[in-house]
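J.: Quick one: the structure is below, questions incoming.
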Amino acid sequence: MCLVLVLLLPALVGAGEESPAEGVGYEPPTYPPRLKRSESFLGIHFDFHAGPDCQEVGKRTTRESIERLLDAVRPDYVQIDCKGHSGFSSYRTRVGTPAPGFVGDPLRIWRDVTAEKGVGLFMHYSGVWDGQAVAQHPEWARVNDKGERDGRLTSVFGPYVDQLLIPQMKELADAYDVDGVWVDGECWAVDRDYAEPVLKAFHEQTGIQSVPRTRADPGWYEFSEFCREGFRHYLRRYVDEVHRHDSGFEIASNWAFSSMMPEKVTIDVDFISGDYTPTNSLNSARVEGRCMALQGKPWDLMAWSFSHLDGLFSTKTPQQLEQEAAVVMALGGGFQAYFPQRRDGSVREWQFPIMAEVARFCRERQPFCHRAAPIPQIGLIYSTGAFYRTSQMLFATWGGELVPLQGLLQSLLDSQHVVDVVSEHHLTEGINRYPLLIYPEWETIEPAFKQTLVDYVRQGGSLLVVGPRAAALFQEELDVNLEGAPAVQVSGLEFGGHVAGIQSLFQKATLGSRAKPFGNVRRENEADGPAEVAASITRLGEGSIAAIYLSLGERYANSTTTVSRDFLHALVREMFPAPMVEVEGSHHIDVTATRLGERLLINLVNTAGPHGNAKVNVHDDIPPVGPLNVSIRCPRPASVLLQPGGRTLAYEYRDDRLQVTVPRVAIHDIIEIQPTVPPQ
């Protein structure tokens with residue numbers, strides 16, 4: 001679709017007091033080589049979203065302060081603010097709207113010092129969300145469903161991308177020689193656009209003449225897809241144009257091709273990145289990292305260095321940030337942490353020791369983690385088709401659409417399963433790499449993808465469908481009859497001699513002759529009397545298909561019980577009895593299996609502590625776990641080491657399985673298995 005409406009207007013001229021550099025371009029002196037972002041592992045992010053209150057930007061930005069930062073932390077790159085959501089630029093731009101006042105040229109200082117140290121410099125730049133752009137050019141704004149121009153968001157169908165965004169990126173490349181941009185306020189901010197030219201183009205392309213304004217209206221999905229394609233066109237437009245201008249300028253659009261845009265990478269972004277939630281961060285990182293790890297691009301995740309549950313900004317401890325970083329590193333990704341700048345753009349030096357301690361922790365693990373490849377075991381399906389048909393926003397997950405998937409992932413990881421998050425495009429080839437796939441409480445499925453899953457089962461795979469609405473999509477294959485309609489009810493989930501109350505969406509299933517029951521749903525907290533089937537397992541061709549008739553993932557996310565965790569674990573083991581890795585000794589261990597070259601790496605991340613407690617802002621006590629008994633199916637090893645540190649682990653090897661005991665895990669340890677070198 002090429003119906004993006006772009007008007008060619010003269011470039012904006014800002015009111016900066018001084019030009020960014022002498023002449024048209026800036027020729028930097030010779031400096032040490034800097035890593036490309038695709039090669040980088042560790043970064044520090046700063047931003048402050050400059051506004052009309054910023055009268056003295058640069059007043060406390062000094063060479064000495066930046067040198068102390070870089071010498072203490074030794075990052076591969078730093079990201080600093082250059083334009084936030086308000087639309088004011090925090091550098092002396094000539095093509096945008098500069099902040100009201102500057103002291104010196106702070107961006108020049110950042111570039112000079114980072115270049116001298118061989119450190120990359122990337123810009124935090126707010127894209128679609130630009131308050132000044134729409135205030136100065138109302139015609140650039142997106143129009144909402146009431147016909148009102150948006151006071152925050154630009155239209156991806158309009159001239160903003162050509163008249164401001166692209167010129168500013170070229171200015172940053174030419175005048176300051178920055179290495180790239182991390183574009184904020186993008187897919188997660190963009191919304192449906194009801195401007196008359198957009199509606200006209202939509203009507204002409206689709207033939208749908210109505211104007212869908214709610215999910216219940218005809219054409220809602222089609223209009224949503226039209227607007228999504230508008231964003232893709234906008235993103236492709238500036239990525240390609242800036243790359244033509246400067247092929248070395250690297251670009252990421254925050255959250256593009258991640259959990260918020262779960263689709264194949266079809267635009268030439270240089271890396272994928274996002275900032276996971278500042279609270280309950282560990283569980284956020286668990287899902288976000290898995291949504292990026294298989295996308296085929298360099299990726300990193302950003303931790304917020306502070307929490308503000310009560311409206312107060314409280315800087316996290318090194319232990320908190322190290323635990324969050326460990327989850328990301330174990331999946332093969334890069335890590336960065338976000339520390340806010342002051343309103344004059346300066347950084348807080350008292351935080352440098354925290355940054356440095358976290359950096360040391362990460363660097364110790366980099367040789368065993370960075371760019372390692374996950375080994376397929378369980379694939380938890382993030383259905384792009386189902387998400388796009390039900391999401392409230394175009395891309396963002398603010399409507400709770402991912403809560404069931406997050407809950408199931410957390411439950412599986414709490415039982416020490418090795419789990420990837422996979423979308424349809426990850427399964428078009430090599431679907432049989434996954435011994436078990438799970439379809440988690442999605443309410444729809446694209447017909448072609450359903451056939452792909454059914455064929456996978458018939459050929460020997462195992463598929464678990466969770467939730468009554470998802471189960472209804474596979475009634476025939478499950479050999480069940482779902483009676484009535486799904487309804488929320490208070491019940492007791494019985495498993496393993498224990499009952500836990502569960503207020504869940506439930507639907508009664510009558511099993512056919514091929515279906516085998518698993519678990520019971522009873523009266524609340526009763527272990528006898530009438531019972532309904534909680535789940536069933538059915539042979540289908542050479543494989544098995546199972547369903548859970550409760551909304552188990554949503555419940556685990558919002559009302560965790562050991563019964564629901566153990567119930568899911570037992571059902572998974574029934575369908576997948578011989579996993580590559582088994583860990584016993586604690587439920588507070590997140591297990592990841594990866595390969596890096598010829599090495600097999602089993603990451604053990606300690607997830608204990610109050611990270612999910614909404615009443616705890618900052619904590620520093622993560623209880624160590626262990627001993628852990630670890631069993632790994634692998635060829636006979638040449639050596640087994642515990643990293644970092646290279647301590648030799650005693651092990652037994654029999655029946656193609658390695659048995660090893662890890663005495664204690666403080667935050668993150670890695671079992672490194674070196675293969676036996678075959679004789680030449």
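Labels for the structure tokens follow display order: chains A, B, ..., residues from 1 in each chain, ligands from 1.
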List the neighbours of Tyr160 of chain A out to 8 Å using only C-alpha atoms; skip same-chain residues closer than 6 positions along the sequence, and give me the result as a compact mmCIF listing (two decimals) with N, CA and C atoms, in the first residue's frame.
T.:
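The new file selection08.txt reads:
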# COMPACT_ATOMS: atom_id res chain seq x y z
N ALA A 133 5.70 20.18 17.35
CA ALA A 133 5.41 20.06 15.92
C ALA A 133 3.93 20.28 15.65
N TRP A 140 -0.15 19.02 10.74
CA TRP A 140 0.69 17.83 10.84
C TRP A 140 0.12 16.81 11.83
N THR A 154 1.79 13.38 15.94
CA THR A 154 1.80 13.73 14.52
C THR A 154 1.14 12.61 13.71
J.: Would you list, as a list in words, the residues of segment 125-262 of chain A that end up in strand (DSSP E) under DSSP run on this structure's backbone?
T.: Tyr125, Ser126, Ala141, Arg142, Val143, Arg149, Asp150, Gly151, Arg152, Leu153, Thr154, Gly180, Val181, Trp182, Val183, Asp184, Glu250, Ile251, Ala252 and Ser253 of chain A
J.: Those same residues, written as a tab-separated table (two decimals), in the first residue's frame with C-alpha atoms?
T.:
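So the final result, stored in selection_2.tsv, reads:
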chain	number	residue	atom	x	y	z
A	125	TYR	CA	14.67	11.30	19.79
A	126	SER	CA	10.88	11.36	20.12
A	141	ALA	CA	-1.37	16.36	13.67
A	142	ARG	CA	-3.24	13.10	13.69
A	143	VAL	CA	-7.06	13.50	13.87
A	149	ARG	CA	-6.60	17.38	15.98
A	150	ASP	CA	-4.33	15.59	18.43
A	151	GLY	CA	-2.34	17.80	20.79
A	152	ARG	CA	0.55	15.30	21.05
A	153	LEU	CA	0.77	12.95	18.07
A	154	THR	CA	1.80	13.73	14.52
A	180	GLY	CA	22.62	6.97	15.44
A	181	VAL	CA	19.24	7.41	17.08
A	182	TRP	CA	16.96	5.51	19.44
A	183	VAL	CA	13.57	6.83	18.35
A	184	ASP	CA	11.03	6.99	21.18
A	250	GLU	CA	22.24	3.42	12.94
A	251	ILE	CA	18.53	3.54	13.78
A	252	ALA	CA	16.14	1.77	16.12
A	253	SER	CA	12.46	2.61	16.52
J.: Which residues of segment 342-392 of chain A come within 12 Å of segment 103-118 of chain A, and what is each one's closest atom pair and distance in Å (one decimal), counting only C-alpha atoms, sorted by chain and residue number, as a Markdown table?
T.:
| residue | atom | partner | partner_atom | distance |
| --- | --- | --- | --- | --- |
| A:Asp344 | CA | A:Val103 | CA | 9.2 |
| A:Gly345 | CA | A:Pro106 | CA | 8.1 |
| A:Ser346 | CA | A:Pro106 | CA | 9.0 |
| A:Val347 | CA | A:Trp110 | CA | 11.6 |
J.: Please provide the set of residues having any atom within 7 Å of Glu582 of chain A, restricted to only C-alpha atoms, with same-chain residues fewer than 2 positions apart removed, written as number ranges by chain.
T.: A: 579-580, 584, 630-632
J.: Near segment 493-509 of chain A, counting only C-alpha atoms, which residues have an atom at most 8 Å away, once you skip same-chain residues fewer than 5 positions from it, shown as a ChimeraX atom specification?
T.: /A:467-468,480-488,519-522,524-527,532-534,549-552,555,561,563-564,566-567
J.: Give me every alpha helix (DSSP H) residue in segment 263-335 of chain A, going by DSSP on the backbone, as a list in words.
T.: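 Checking each residue of segment 263-335 of chain A, the alpha helix (DSSP H) ones are Ser281, Leu282, Asn283, Ser284, Ala285, Arg286, Val287, Glu288, Gly289, Arg290, Cys291, Met292, Pro318, Gln319, Gln320, Leu321, Glu322, Gln323, Glu324, Ala325, Ala326, Val327, Val328, Met329 and Ala330 of chain A.
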J.: Can you write out the residues you just picked, keeping C-alpha atoms, as a PDB file, in the first residue's frame?
T.:
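Result saved to selection16.pdb:
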ATOM      1  CA  SER A 281      10.749  -5.211  35.897  1.00  0.00           C
ATOM      2  CA  LEU A 282      12.133  -8.720  36.105  1.00  0.00           C
ATOM      3  CA  ASN A 283       8.910 -10.299  34.879  1.00  0.00           C
ATOM      4  CA  SER A 284       8.636  -7.628  32.196  1.00  0.00           C
ATOM      5  CA  ALA A 285      12.165  -8.383  30.988  1.00  0.00           C
ATOM      6  CA  ARG A 286      11.408 -12.121  30.932  1.00  0.00           C
ATOM      7  CA  VAL A 287       8.741 -11.690  28.269  1.00  0.00           C
ATOM      8  CA  GLU A 288      10.193  -8.718  26.377  1.00  0.00           C
ATOM      9  CA  GLY A 289      13.564 -10.365  25.845  1.00  0.00           C
ATOM     10  CA  ARG A 290      11.948 -13.504  24.506  1.00  0.00           C
ATOM     11  CA  CYS A 291       9.885 -11.436  22.059  1.00  0.00           C
ATOM     12  CA  MET A 292      13.105  -9.989  20.587  1.00  0.00           C
ATOM     13  CA  PRO A 318      22.946  -2.431  41.959  1.00  0.00           C
ATOM     14  CA  GLN A 319      21.476  -5.790  43.019  1.00  0.00           C
ATOM     15  CA  GLN A 320      18.089  -4.919  41.515  1.00  0.00           C
ATOM     16  CA  LEU A 321      19.595  -3.784  38.241  1.00  0.00           C
ATOM     17  CA  GLU A 322      21.945  -6.781  38.068  1.00  0.00           C
ATOM     18  CA  GLN A 323      19.021  -9.184  38.476  1.00  0.00           C
ATOM     19  CA  GLU A 324      17.116  -7.406  35.699  1.00  0.00           C
ATOM     20  CA  ALA A 325      20.205  -7.402  33.487  1.00  0.00           C
ATOM     21  CA  ALA A 326      20.772 -11.114  34.079  1.00  0.00           C
ATOM     22  CA  VAL A 327      17.404 -12.036  32.553  1.00  0.00           C
ATOM     23  CA  VAL A 328      18.289 -10.073  29.404  1.00  0.00           C
ATOM     24  CA  MET A 329      21.864 -11.327  29.098  1.00  0.00           C
ATOM     25  CA  ALA A 330      20.798 -14.951  29.570  1.00  0.00           C
TER      26      ALA A 330
END
J.: Using Å and a single decimal, report how far atom CA of Ser307 of chain A sits from atom CA of Ala666 of chain A.
T.: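 Atom CA of Ala666 of chain A sits 22.8 Å away from atom CA of Ser307 of chain A.
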J.: Hey, can you check how far atom CA of Tyr439 of chain A sits from atom CA of Val466 of chain A?
T.: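 Answer for the atom CA of Tyr439 of chain A to atom CA of Val466 of chain A separation: 6.2 Å.
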J.: Considering only C-alpha atoms, return as a list in words whatever protein or nucleic-acid residues lie within 9 Å of Arg74 of chain A, sequence-local ones (same chain, fewer than 6 positions apart) excluded.
T.: Leu42, Gly43, Val119, Ala356 and Ala359 of chain A
